[in-house]
Every structure is written in structure tokens, then in C-alpha cells.
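Text of the file target_29.cif, holding mmCIF, C-alpha atoms:
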data_input
#
loop_
_atom_site.label_atom_id
_atom_site.label_comp_id
_atom_site.auth_asym_id
_atom_site.auth_seq_id
_atom_site.Cartn_x
_atom_site.Cartn_y
_atom_site.Cartn_z
CA MET T 1 42.37 94.37 87.86
CA PHE T 2 39.91 94.01 84.97
CA ASP T 3 41.63 96.68 82.88
CA LYS T 4 44.85 94.69 83.17
CA ILE T 5 43.07 91.53 82.06
CA LEU T 6 41.63 93.27 79.02
CA ASN T 7 44.95 94.84 78.09
CA HIS T 8 46.66 91.44 78.15
CA CYS T 9 43.76 90.00 76.19
CA ARG T 10 44.08 92.67 73.50
CA GLU T 11 47.82 92.03 73.25
CA GLY T 12 47.21 88.31 72.70
CA CYS T 13 44.51 88.97 70.12
CA ARG T 14 46.74 91.34 68.12
CA LYS T 15 49.55 88.79 68.04
CA LYS T 16 47.28 86.00 66.80
CA PRO T 17 43.95 87.34 65.53
CA SER T 18 41.19 84.73 65.57
CA ARG T 19 38.56 84.17 62.91
CA VAL T 20 35.36 85.19 64.70
CA ALA T 21 32.03 84.35 63.08
CA PHE T 22 28.90 86.25 64.16
CA ALA T 23 25.59 84.45 63.59
CA SER T 24 23.40 87.34 64.65
CA GLY T 25 21.89 88.87 61.52
CA PRO T 26 21.43 92.65 61.11
CA ASP T 27 22.29 94.09 64.52
CA GLY T 28 24.09 97.41 64.82
CA ARG T 29 25.99 96.32 67.90
CA VAL T 30 27.37 93.27 66.09
CA LEU T 31 28.32 95.26 63.00
CA ARG T 32 30.08 97.93 65.05
CA THR T 33 31.89 95.24 67.06
CA ALA T 34 33.06 93.57 63.85
CA ARG T 35 34.27 96.92 62.50
CA ARG T 36 36.19 97.72 65.69
CA LEU T 37 37.80 94.27 65.80
CA LYS T 38 38.87 94.52 62.17
CA GLN T 39 40.10 98.10 62.43
CA ALA T 40 42.17 97.41 65.54
CA GLY T 41 43.61 94.16 64.19
CA LEU T 42 42.12 92.19 67.08
CA ALA T 43 40.28 89.59 65.03
CA ASP T 44 39.20 88.59 61.54
CA PRO T 45 35.39 88.95 61.78
CA ILE T 46 32.98 87.02 59.57
CA LEU T 47 29.30 87.97 59.38
CA ILE T 48 26.81 85.21 58.61
CA GLY T 49 23.52 86.21 57.05
CA ASN T 50 21.87 87.74 54.01
CA LYS T 51 24.48 89.90 52.27
CA SER T 52 22.07 92.49 50.88
CA GLU T 53 20.24 92.78 54.18
CA LEU T 54 23.46 93.17 56.15
CA ARG T 55 24.94 95.74 53.75
CA ASP T 56 21.73 97.78 53.61
CA PHE T 57 21.45 97.75 57.38
CA ALA T 58 25.12 98.72 57.76
CA ALA T 59 24.69 101.62 55.31
CA ARG T 60 21.73 102.94 57.30
CA ALA T 61 23.65 102.49 60.57
CA GLY T 62 26.75 104.21 59.18
CA VAL T 63 28.99 101.15 59.60
CA ASN T 64 31.69 100.52 57.01
CA LEU T 65 31.90 96.81 56.20
CA THR T 66 34.91 97.13 53.89
CA GLY T 67 37.26 94.19 54.44
CA ILE T 68 34.75 92.24 56.54
CA LYS T 69 33.72 88.88 55.09
CA ILE T 70 30.03 88.00 54.78
CA ARG T 71 28.84 84.43 54.31
CA GLN T 72 25.30 83.85 53.07
CA PRO T 73 24.28 80.25 53.74
CA ARG T 74 22.36 79.48 50.55
CA HIS T 75 24.96 81.19 48.37
CA ASP T 76 27.71 78.91 49.68
CA PRO T 77 28.93 76.58 46.89
CA GLN T 78 29.23 73.88 49.56
CA PHE T 79 25.68 74.35 50.87
CA ASP T 80 24.32 71.10 49.40
CA HIS T 81 27.31 69.20 50.77
CA ARG T 82 26.66 70.67 54.23
CA VAL T 83 23.00 69.66 54.01
CA ARG T 84 23.87 66.09 53.01
CA ALA T 85 26.40 65.79 55.84
CA LEU T 86 23.96 67.04 58.49
CA PHE T 87 21.20 64.80 57.12
CA ASP T 88 23.51 61.77 57.20
CA ARG T 89 24.56 62.50 60.79
CA ARG T 90 21.03 63.09 62.08
CA LYS T 91 18.74 60.92 59.94
CA GLY T 92 18.88 58.16 62.53
CA LYS T 93 17.27 60.61 64.95
CA GLY T 94 14.43 61.47 62.60
CA LEU T 95 15.86 64.43 60.66
CA VAL T 96 14.62 64.61 57.06
CA ARG T 97 16.58 66.24 54.25
CA SER T 98 14.19 69.16 53.78
CA GLU T 99 14.50 69.97 57.48
CA ALA T 100 18.31 69.82 57.27
CA GLU T 101 18.18 72.29 54.38
CA ALA T 102 15.90 74.64 56.30
CA LEU T 103 18.05 74.46 59.43
CA LEU T 104 21.30 75.22 57.61
CA SER T 105 19.68 78.22 55.93
CA ASP T 106 19.54 79.76 59.38
CA PRO T 107 22.71 81.77 60.27
CA LEU T 108 23.02 80.05 63.66
CA TRP T 109 22.90 76.49 62.31
CA TYR T 110 25.08 77.41 59.36
CA GLY T 111 27.51 79.11 61.75
CA CYS T 112 27.77 75.93 63.82
CA ASP T 113 28.58 73.93 60.68
CA PHE T 114 31.02 76.63 59.56
CA LEU T 115 32.79 76.31 62.91
CA LEU T 116 32.69 72.52 62.85
CA ARG T 117 34.61 72.56 59.56
CA ASP T 118 37.32 74.83 61.02
CA GLN T 119 36.34 77.75 58.79
CA ALA T 120 36.23 79.89 61.92
CA ASP T 121 37.92 79.67 65.32
CA LEU T 122 34.99 81.01 67.30
CA LEU T 123 31.24 81.48 66.89
CA MET T 124 29.41 84.28 68.70
CA THR T 125 25.66 83.77 69.03
CA GLY T 126 22.64 84.87 70.99
CA THR T 127 21.25 88.21 69.86
CA ARG T 128 18.55 86.64 67.67
CA THR T 129 18.17 83.27 69.37
CA ALA T 130 17.48 82.36 73.00
CA ILE T 131 19.95 80.15 74.85
CA LYS T 132 17.73 77.12 74.31
CA GLY T 133 17.98 77.54 70.53
CA VAL T 134 21.74 78.08 70.66
CA LEU T 135 22.23 74.92 72.71
CA GLN T 136 20.01 72.90 70.40
CA ALA T 137 21.92 73.95 67.28
CA ALA T 138 25.38 73.56 68.83
CA LEU T 139 24.65 70.17 70.36
CA ARG T 140 23.18 68.77 67.15
CA VAL T 141 25.77 70.15 64.75
CA ILE T 142 28.96 70.38 66.83
CA GLY T 143 28.32 68.09 69.76
CA PRO T 144 29.94 67.80 73.19
CA GLN T 145 33.68 67.46 73.62
CA LYS T 146 33.26 64.47 75.93
CA GLU T 147 30.15 62.42 76.60
CA ASP T 148 30.77 62.37 80.35
CA VAL T 149 31.35 66.13 80.68
CA PRO T 150 28.19 68.23 80.55
CA VAL T 151 27.93 71.38 78.50
CA SER T 152 27.48 74.33 80.84
CA GLY T 153 27.57 78.11 80.75
CA PHE T 154 29.11 80.78 82.95
CA TYR T 155 29.05 84.55 83.11
CA LEU T 156 32.02 86.69 84.02
CA LEU T 157 31.06 89.40 86.49
CA VAL T 158 33.13 92.50 87.19
CA SER T 159 32.61 94.80 90.17
CA PRO T 160 31.75 98.46 89.49
CA ASP T 161 35.30 99.53 90.41
CA GLY T 162 36.83 96.79 88.24
CA GLU T 163 38.81 95.35 91.14
CA ARG T 164 36.95 92.08 91.53
CA VAL T 165 36.28 89.49 88.84
CA LEU T 166 34.05 86.45 89.43
CA ALA T 167 32.65 83.56 87.40
CA PHE T 168 29.10 82.31 88.11
CA ALA T 169 28.09 78.82 86.84
CA ASP T 170 26.03 77.05 85.62
CA CYS T 171 23.72 79.85 84.56
CA CYS T 172 22.46 78.35 81.29
CA VAL T 173 22.14 74.61 80.83
CA ASN T 174 21.69 72.09 83.67
CA PRO T 175 18.58 72.62 85.84
CA ARG T 176 19.52 70.26 88.68
CA PRO T 177 22.96 68.76 88.15
CA GLU T 178 23.88 65.52 89.85
CA PRO T 179 27.06 65.56 91.99
CA GLU T 180 29.11 64.15 89.11
CA GLN T 181 27.82 66.86 86.77
CA LEU T 182 28.36 69.58 89.36
CA ALA T 183 31.94 68.41 89.85
CA ALA T 184 32.60 68.50 86.11
CA ILE T 185 31.05 71.97 85.84
CA ALA T 186 33.32 73.18 88.65
CA VAL T 187 36.44 71.82 86.94
CA GLU T 188 35.61 73.09 83.45
CA THR T 189 34.51 76.54 84.66
CA SER T 190 37.61 76.94 86.81
CA ARG T 191 39.93 76.01 83.95
CA ALA T 192 38.11 78.40 81.61
CA PHE T 193 38.31 81.19 84.20
CA ARG T 194 42.06 80.69 84.53
CA HIS T 195 42.54 80.63 80.78
CA MET T 196 40.35 83.66 80.16
CA THR T 197 41.56 85.94 82.96
CA GLY T 198 45.03 84.65 83.81
CA LEU T 199 43.95 84.52 87.46
CA GLU T 200 44.28 81.48 89.69
CA PRO T 201 40.85 79.93 90.34
CA LYS T 202 39.63 79.91 93.92
CA THR T 203 36.53 77.79 93.56
CA ALA T 204 33.63 77.52 95.98
CA LEU T 205 30.65 75.20 95.56
CA LEU T 206 27.64 76.93 97.04
CA SER T 207 24.72 75.84 99.19
CA PHE T 208 22.53 77.13 102.02
CA SER T 209 24.94 75.32 104.35
CA THR T 210 28.58 76.04 105.21
CA LEU T 211 30.81 73.01 105.78
CA GLY T 212 28.07 70.87 107.31
CA SER T 213 26.26 73.60 109.27
CA ALA T 214 22.95 72.19 107.97
CA GLN T 215 22.04 68.55 107.49
CA HIS T 216 20.05 68.11 104.29
CA ASP T 217 20.15 66.06 101.11
CA LEU T 218 20.68 69.18 98.98
CA ALA T 219 23.75 70.18 100.98
CA GLU T 220 25.06 66.61 100.88
CA ARG T 221 24.84 66.63 97.06
CA VAL T 222 27.19 69.62 97.01
CA GLN T 223 29.52 67.97 99.52
CA ALA T 224 29.68 64.91 97.27
CA ALA T 225 30.57 67.09 94.29
CA VAL T 226 33.36 68.78 96.24
CA ALA T 227 34.79 65.39 97.19
CA LEU T 228 34.75 64.31 93.54
CA VAL T 229 36.62 67.42 92.41
CA GLN T 230 39.21 67.19 95.17
CA LYS T 231 39.79 63.52 94.33
CA GLN T 232 40.82 64.58 90.82
CA LYS T 233 43.50 66.94 92.21
CA PRO T 234 42.61 69.52 89.53
CA GLY T 235 45.48 71.90 90.27
CA PHE T 236 43.45 74.69 91.84
CA THR T 237 41.82 75.34 95.22
CA VAL T 238 38.26 74.06 95.50
CA GLU T 239 36.21 73.88 98.69
CA GLY T 240 32.62 73.68 99.89
CA GLU T 241 29.92 73.56 100.62
CA PHE T 242 29.65 77.31 101.39
CA GLN T 243 26.93 79.83 101.83
CA PHE T 244 27.42 82.71 99.42
CA ASP T 245 28.65 85.18 102.04
CA ALA T 246 31.13 82.69 103.50
CA ALA T 247 32.59 82.25 100.02
CA ILE T 248 33.13 85.91 99.10
CA VAL T 249 33.21 87.99 102.31
CA PRO T 250 36.44 87.54 104.34
CA GLN T 251 34.86 88.77 107.60
CA VAL T 252 32.05 86.24 107.31
CA ALA T 253 34.42 83.46 106.28
CA ALA T 254 36.53 84.13 109.36
CA LYS T 255 33.51 83.26 111.51
CA LYS T 256 31.79 80.57 109.48
CA ALA T 257 34.81 78.84 107.92
CA PRO T 258 37.91 79.93 109.82
CA HIS T 259 40.03 77.06 108.51
CA SER T 260 39.10 77.50 104.86
CA SER T 261 42.00 78.26 102.55
CA LEU T 262 39.69 80.43 100.43
CA GLN T 263 39.29 82.91 103.30
CA GLY T 264 36.24 84.50 101.72
CA GLU T 265 38.05 85.30 98.47
CA ALA T 266 36.48 82.80 96.07
CA ASN T 267 36.40 83.95 92.46
CA VAL T 268 34.68 80.96 90.81
CA LEU T 269 31.24 80.33 92.26
CA ILE T 270 29.47 77.09 91.38
CA PHE T 271 25.76 77.20 92.20
CA PRO T 272 23.81 74.04 93.05
CA SER T 273 21.12 74.59 90.40
CA LEU T 274 20.28 76.55 87.29
CA ASN T 275 17.60 78.38 89.26
CA ALA T 276 20.09 79.69 91.79
CA ALA T 277 22.83 80.58 89.30
CA ASN T 278 20.60 82.37 86.82
CA ILE T 279 18.87 84.38 89.54
CA GLY T 280 22.18 85.07 91.27
CA TYR T 281 24.01 86.67 88.36
CA LYS T 282 21.00 88.84 87.53
CA ILE T 283 20.80 90.09 91.13
CA ALA T 284 24.47 91.05 90.99
CA ARG T 285 23.95 92.77 87.62
CA ASP T 286 20.68 94.57 88.22
CA LEU T 287 20.84 95.44 91.92
CA ALA T 288 24.57 95.78 92.57
CA GLY T 289 25.66 97.15 89.20
CA TRP T 290 28.23 94.47 88.37
CA ARG T 291 29.17 94.33 84.68
CA THR T 292 28.24 91.00 83.12
CA TYR T 293 29.85 89.30 80.13
CA GLY T 294 28.79 86.09 78.45
CA PRO T 295 27.44 83.48 78.45
CA PHE T 296 30.62 81.50 77.84
CA TYR T 297 30.02 77.82 77.21
CA THR T 298 32.22 74.92 78.24
CA GLY T 299 31.97 71.34 77.03
CA PHE T 300 31.45 71.80 73.28
CA ARG T 301 33.90 70.37 70.74
CA LYS T 302 34.35 73.87 69.32
CA ALA T 303 34.29 77.40 70.74
CA VAL T 304 30.67 78.62 70.85
CA HIS T 305 29.77 81.57 73.07
CA GLY T 306 27.01 84.11 73.49
CA LEU T 307 26.39 87.84 73.30
CA PRO T 308 23.92 89.21 75.86
CA PRO T 309 20.75 90.42 74.08
CA ALA T 310 20.52 93.51 76.28
CA GLY T 311 24.22 94.39 76.05
CA ASP T 312 25.59 97.61 74.59
CA ASP T 313 28.42 98.05 72.06
CA GLU T 314 31.15 97.91 74.70
CA THR T 315 29.71 94.78 76.27
CA PHE T 316 29.64 93.07 72.87
CA LEU T 317 33.26 94.02 72.18
CA VAL T 318 34.56 92.94 75.59
CA THR T 319 32.57 89.68 75.53
CA THR T 320 34.04 88.84 72.13
CA LEU T 321 37.58 89.66 73.26
CA LEU T 322 37.19 87.48 76.35
CA ALA T 323 35.86 84.65 74.17
CA CYS T 324 38.96 84.99 71.97
CA CYS T 325 41.10 84.68 75.09
CA LEU T 326 39.48 81.34 75.85
CA LEU T 327 40.97 79.94 72.67
CA GLU T 328 44.12 77.92 73.33
CA ARG T 329 46.40 80.25 71.44
CA ASN T 330 45.32 83.42 73.27
CA GLY T 331 45.28 82.15 76.87
CA LEU T 332 46.58 84.52 79.54
CA ASN T 333 48.69 84.10 82.63
CA LEU T 334 48.51 87.03 85.03
CA SER T 335 48.91 85.05 88.21
CA HIS T 336 52.70 85.27 88.07
CA SER T 337 53.10 88.53 86.15
#

Conversion result in C-alpha cells:
Amino acid sequence: MFDKILNHCREGCRKKPSRVAFASGPDGRVLRTARRLKQAGLADPILIGNKSELRDFAARAGVNLTGIKIRQPRHDPQFDHRVRALFDRRKGKGLVRSEAEALLSDPLWYGCDFLLRDQADLLMTGTRTAIKGVLQAALRVIGPQKEDVPVSGFYLLVSPDGERVLAFADCCVNPRPEPEQLAAIAVETSRAFRHMTGLEPKTALLSFSTLGSAQHDLAERVQAAVALVQKQKPGFTVEGEFQFDAAIVPQVAAKKAPHSSLQGEANVLIFPSLNAANIGYKIARDLAGWRTYGPFYTGFRKAVHGLPPAGDDETFLVTTLLACCLLERNGLNLSHS
């Protein structure tokens, strides 16, 4: 299953290589990923950072950077223009010019501005900066796509045998989403899952209750979110509220939710809180050995995604390829292939 997804993804990337900017500084995993992408014709990588530092680090790591672009923020002829533009946009919120200059000297903030100006198709972040810092930079420089759709983040999880692929959301941004936010997160994550994997979303909104088995305000919030999504007729199956096992184990679903069309085969799992989602994906990763890719963000005006700080070379490469497949031009469709 997952091998097929990656093969289709590679095919799409080779046909239309994306300009992928990495705002991660000197990191061997990033440099090797950039080299592999360039060598295989999968993307046009751009490294953002200090040129001398990156080249010296690459030489010590044995990575050939020939043909790979490097952008150093303060050496950009347009740097002052970028600073003025950010200052003008944010001065009403208390930003001073010297702060704008300092922020745009940072590869992450510069990378967001680089992306905003369509000088890259995709920005990969996260190895030097925690999620909080990534969100702060992206929200201030790039901004949300729509004011009424929250930014959120999901991880793609792959079973050890590669036969099952799931999305867990929101693992990154919204601590306690209201029903309207939860509904939007479900829609955006499901659409991204379809676009990234080519699989049809089967979306379950999770709770400690299954279809009214428990009466509690927390379960009712999830029920309200489900009703909001279904009212939109989003073009994919969405149900809830479900306990985790009723969503993903057919035998349990047969007992707890016998009339559910998901039948225990949900592949997009929307958790009721950031606590639950963040803990959940780490349990799957660290106890059950599921491979984890992301975070992938939805809701920004431009494509900003993350590389997992603890990931290895292969995880970095696959995460970047999957992020490329989220771009409109590289979307997949395996459901009918």
C-alpha cells in the first residue's frame, strides 16, 4: 500500500519537480535529502542559511552541494525591501523595524517570506525550531488561507508492514477546538489525506463515547462537529463520535457501531483535543512501531510543512516527497487505479 503511494508520488515529482526550500541550517539529514532530491530529479532544492557555514558543514559530512541553490538572507539584494514590507505589514501590531530586520535574518522567517513571494513552492521547517516557533513565523509572515478555517497539523502514520496508512489530527496547533474548528480540521485534513495519498478518506471523529454510548458535554462537542461536517456534504465519508477501537478495528466496530459505514476501517482520525492527538501519534510510533511522517500543516496561504527533529535520512526524504504531493500539481489518485 504505502510503497505504491510513494511510487506514484515519485512519478508525479519527476514530471513536475517543485522548488523546495529548506530552512533548517547545517543539518546532515537535510543536506543529504537535498542531494538525493536533486540527483533523482524529484525536486529543485534550495537551502536557506549561511553559505560558508553550509558549505563547510557539507564538506565535512561528505555531501556534494553542486547544483543546489543556497540563499543567505542578509546577502539577498532584496533584503531591505523584505524588511520594509514585513515592518509595514506588522507595525500596527507593535513590530519595530530593527526587530523585522532581525527576524528576517533568521532562515525560518526569511524562508516564509521567500515562499510568500512565490520564490519557492514549498517550505520545509522544524529541525532547528519547535512547532511553536514555526507557527509564529508562518502565521505572521504568510498568514492563514481563510480567517474562518483554523491552521492545524496532522501526521501520516504507516503500519510496520506498510499496508495501513492513517492520518492523525490535530497534533500541533489547537489545544481544545470548538465544534466549528473541529469540523474544519476534519474537512481540511481529509482533503489533504486524499490529495497526498490518493486514497479515499474514511473519517472518524474520536471521543470516549461511541455514537451516544456516553452522555457528556465533551462527547456532545464531537457530535456537533460531525453534524457540521455532514451538513457541508464534503464528498467523503465522515462519522462519529467513535471510540478509537470502534473506528479502526472491524471486529469492535461490528459490536459497537454495527450500522456504521466505516466498519472499523477509518483512515483519517480526528482527535477531540491537542492533548489526545499528540499523545496518540506518539503511542503509535513509540510502542507499536508505526512510521511517522510530518507534521503537515493545513490552513496556511502557502505550503509550509515540518521535518521531525528525531527523524532519519529516509524519514526526511519521504516526508518531503509527501509534502510535494500535497501541492496541487502533484496530487495523486489511487482510489480508482

Nearest to T:Lys302: which of T:Val63, T:Ala138, T:Val30, T:Leu104 is it, counting all atoms listed in the file?
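Of the candidates, the smallest distance to T:Lys302 is held by T:Ala138.
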
Mind checking which residues fall within 10 Å of T:Tyr110, counting all atoms listed in the file, ignoring those fewer than 6 positions away in the same chain, and posting them as an NGL selection string?
:T and (23 or 48-49 or 71-74 or 79 or 82-83 or 101 or 103-104 or 116 or 137 or 141)

Prev. selection, C-alpha atoms, output as an mmCIF file, in the frame of the given file:
data_model
loop_
_atom_site.group_PDB
_atom_site.id
_atom_site.type_symbol
_atom_site.label_atom_id
_atom_site.label_comp_id
_atom_site.auth_asym_id
_atom_site.auth_seq_id
_atom_site.Cartn_x
_atom_site.Cartn_y
_atom_site.Cartn_z
ATOM 1 C CA ALA T 23 25.590 84.450 63.590
ATOM 2 C CA ILE T 48 26.810 85.210 58.610
ATOM 3 C CA GLY T 49 23.520 86.210 57.050
ATOM 4 C CA ARG T 71 28.840 84.430 54.310
ATOM 5 C CA GLN T 72 25.300 83.850 53.070
ATOM 6 C CA PRO T 73 24.280 80.250 53.740
ATOM 7 C CA ARG T 74 22.360 79.480 50.550
ATOM 8 C CA PHE T 79 25.680 74.350 50.870
ATOM 9 C CA ARG T 82 26.660 70.670 54.230
ATOM 10 C CA VAL T 83 23.000 69.660 54.010
ATOM 11 C CA GLU T 101 18.180 72.290 54.380
ATOM 12 C CA LEU T 103 18.050 74.460 59.430
ATOM 13 C CA LEU T 104 21.300 75.220 57.610
ATOM 14 C CA LEU T 116 32.690 72.520 62.850
ATOM 15 C CA ALA T 137 21.920 73.950 67.280
ATOM 16 C CA VAL T 141 25.770 70.150 64.750
#

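Atom pair atom CA of T:Phe168 / atom CA of T:Phe193 has a distance of 10.1 Å (rounded to one decimal).
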
Running the PyMOL selection byres ((chain T and resi 162-167) around 7) on this model by hand, what would come out? Give it as a ChimeraX atom specification.
/T:1-2,154-161,168-169,193,267-269

Do you know which residues the PyMOL selection byres ((chain T and resi 211) around 12) returns on this file, as an NGL selection string?
:T and (204-210 or 212-216 or 219-220 or 222-224 or 226 or 239-243 or 246-247 or 253 or 256-260)

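Among the candidates T:Gly25, T:Val187, T:Gly41, T:Leu218, the residue lying nearest to T:Lys233 is T:Val187 (atoms considered: all atoms listed in the file).
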
Assuming the chain letters and numbering stay as they are in my file, what does the PyMOL selection byres ((chain T and resi 286-295) around 9) actually select? List them as number ranges by chain.
T: 126, 131, 153-162, 171-172, 281-285, 296-297, 305-308, 311, 315-316, 318-320, 322-323

Among the residues T:Leu123, T:Val134, T:Ala225, T:Leu42, the one that comes closest to T:Cys9 [using only C-alpha atoms]:
T:Leu42

I'd like the neighbourhood of T:Ile185 as a PDB file with C-alpha atoms, keeping the file's coordinate frame, where a residue qualifies if any of its atoms comes within 10 Å (using all atoms listed in the file), though same-chain residues fewer than 2 positions away should be ignored.
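As a result, result31.pdb now contains:
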ATOM      1  CA  VAL T 149      31.350  66.130  80.680  1.00  0.00           C
ATOM      2  CA  PRO T 150      28.190  68.230  80.550  1.00  0.00           C
ATOM      3  CA  VAL T 151      27.930  71.380  78.500  1.00  0.00           C
ATOM      4  CA  SER T 152      27.480  74.330  80.840  1.00  0.00           C
ATOM      5  CA  GLY T 153      27.570  78.110  80.750  1.00  0.00           C
ATOM      6  CA  PHE T 154      29.110  80.780  82.950  1.00  0.00           C
ATOM      7  CA  ALA T 169      28.090  78.820  86.840  1.00  0.00           C
ATOM      8  CA  ASP T 170      26.030  77.050  85.620  1.00  0.00           C
ATOM      9  CA  ASN T 174      21.690  72.090  83.670  1.00  0.00           C
ATOM     10  CA  PRO T 177      22.960  68.760  88.150  1.00  0.00           C
ATOM     11  CA  PRO T 179      27.060  65.560  91.990  1.00  0.00           C
ATOM     12  CA  GLU T 180      29.110  64.150  89.110  1.00  0.00           C
ATOM     13  CA  GLN T 181      27.820  66.860  86.770  1.00  0.00           C
ATOM     14  CA  LEU T 182      28.360  69.580  89.360  1.00  0.00           C
ATOM     15  CA  ALA T 183      31.940  68.410  89.850  1.00  0.00           C
ATOM     16  CA  VAL T 187      36.440  71.820  86.940  1.00  0.00           C
ATOM     17  CA  GLU T 188      35.610  73.090  83.450  1.00  0.00           C
ATOM     18  CA  THR T 189      34.510  76.540  84.660  1.00  0.00           C
ATOM     19  CA  SER T 190      37.610  76.940  86.810  1.00  0.00           C
ATOM     20  CA  ARG T 191      39.930  76.010  83.950  1.00  0.00           C
ATOM     21  CA  ALA T 225      30.570  67.090  94.290  1.00  0.00           C
ATOM     22  CA  VAL T 229      36.620  67.420  92.410  1.00  0.00           C
ATOM     23  CA  ILE T 270      29.470  77.090  91.380  1.00  0.00           C
ATOM     24  CA  PHE T 271      25.760  77.200  92.200  1.00  0.00           C
ATOM     25  CA  THR T 298      32.220  74.920  78.240  1.00  0.00           C
ATOM     26  CA  GLY T 299      31.970  71.340  77.030  1.00  0.00           C
TER      27      GLY T 299
END

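Take the candidates T:Val173, T:Met196, T:Ala58, T:Val249 and check each one against T:Glu265 using all atoms listed in the file; the shortest distance goes to T:Val249.
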
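Omitting stretch 325-327 of chain T and its sequence neighbours fewer than 4 positions away, and counting only C-alpha atoms, the residues within 9 Å are Cys9, Arg10, Gly12, Cys13, Ser18, Asp121, Leu122, Ala192, Phe193, His195, Met196, Thr197, Ala303, Thr320, Leu321, Gly331 and Leu332 of chain T.
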
For the atom pair atom CA of T:Arg19 and atom CA of T:Asp118, what is the interatomic distance in Å to one decimal place?
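Taking atom CA of T:Arg19 as the start and atom CA of T:Asp118 as the end point, the length is 9.6 Å.
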
Taking (19.1, 72.0, 58.6) in the coordinates of the supplied file, I want to know which residues reach to within 12 Å of it, counting only C-alpha atoms; could you give the answer as a PDB file with C-alpha atoms, in the frame of the given file?
ATOM      1  CA  PRO T  73      24.280  80.250  53.740  1.00  0.00           C
ATOM      2  CA  ARG T  74      22.360  79.480  50.550  1.00  0.00           C
ATOM      3  CA  PHE T  79      25.680  74.350  50.870  1.00  0.00           C
ATOM      4  CA  ASP T  80      24.320  71.100  49.400  1.00  0.00           C
ATOM      5  CA  HIS T  81      27.310  69.200  50.770  1.00  0.00           C
ATOM      6  CA  ARG T  82      26.660  70.670  54.230  1.00  0.00           C
ATOM      7  CA  VAL T  83      23.000  69.660  54.010  1.00  0.00           C
ATOM      8  CA  ARG T  84      23.870  66.090  53.010  1.00  0.00           C
ATOM      9  CA  ALA T  85      26.400  65.790  55.840  1.00  0.00           C
ATOM     10  CA  LEU T  86      23.960  67.040  58.490  1.00  0.00           C
ATOM     11  CA  PHE T  87      21.200  64.800  57.120  1.00  0.00           C
ATOM     12  CA  ASP T  88      23.510  61.770  57.200  1.00  0.00           C
ATOM     13  CA  ARG T  89      24.560  62.500  60.790  1.00  0.00           C
ATOM     14  CA  ARG T  90      21.030  63.090  62.080  1.00  0.00           C
ATOM     15  CA  LYS T  91      18.740  60.920  59.940  1.00  0.00           C
ATOM     16  CA  LEU T  95      15.860  64.430  60.660  1.00  0.00           C
ATOM     17  CA  VAL T  96      14.620  64.610  57.060  1.00  0.00           C
ATOM     18  CA  ARG T  97      16.580  66.240  54.250  1.00  0.00           C
ATOM     19  CA  SER T  98      14.190  69.160  53.780  1.00  0.00           C
ATOM     20  CA  GLU T  99      14.500  69.970  57.480  1.00  0.00           C
ATOM     21  CA  ALA T 100      18.310  69.820  57.270  1.00  0.00           C
ATOM     22  CA  GLU T 101      18.180  72.290  54.380  1.00  0.00           C
ATOM     23  CA  ALA T 102      15.900  74.640  56.300  1.00  0.00           C
ATOM     24  CA  LEU T 103      18.050  74.460  59.430  1.00  0.00           C
ATOM     25  CA  LEU T 104      21.300  75.220  57.610  1.00  0.00           C
ATOM     26  CA  SER T 105      19.680  78.220  55.930  1.00  0.00           C
ATOM     27  CA  ASP T 106      19.540  79.760  59.380  1.00  0.00           C
ATOM     28  CA  PRO T 107      22.710  81.770  60.270  1.00  0.00           C
ATOM     29  CA  LEU T 108      23.020  80.050  63.660  1.00  0.00           C
ATOM     30  CA  TRP T 109      22.900  76.490  62.310  1.00  0.00           C
ATOM     31  CA  TYR T 110      25.080  77.410  59.360  1.00  0.00           C
ATOM     32  CA  GLY T 111      27.510  79.110  61.750  1.00  0.00           C
ATOM     33  CA  CYS T 112      27.770  75.930  63.820  1.00  0.00           C
ATOM     34  CA  ASP T 113      28.580  73.930  60.680  1.00  0.00           C
ATOM     35  CA  GLN T 136      20.010  72.900  70.400  1.00  0.00           C
ATOM     36  CA  ALA T 137      21.920  73.950  67.280  1.00  0.00           C
ATOM     37  CA  ARG T 140      23.180  68.770  67.150  1.00  0.00           C
ATOM     38  CA  VAL T 141      25.770  70.150  64.750  1.00  0.00           C
TER      39      VAL T 141
END
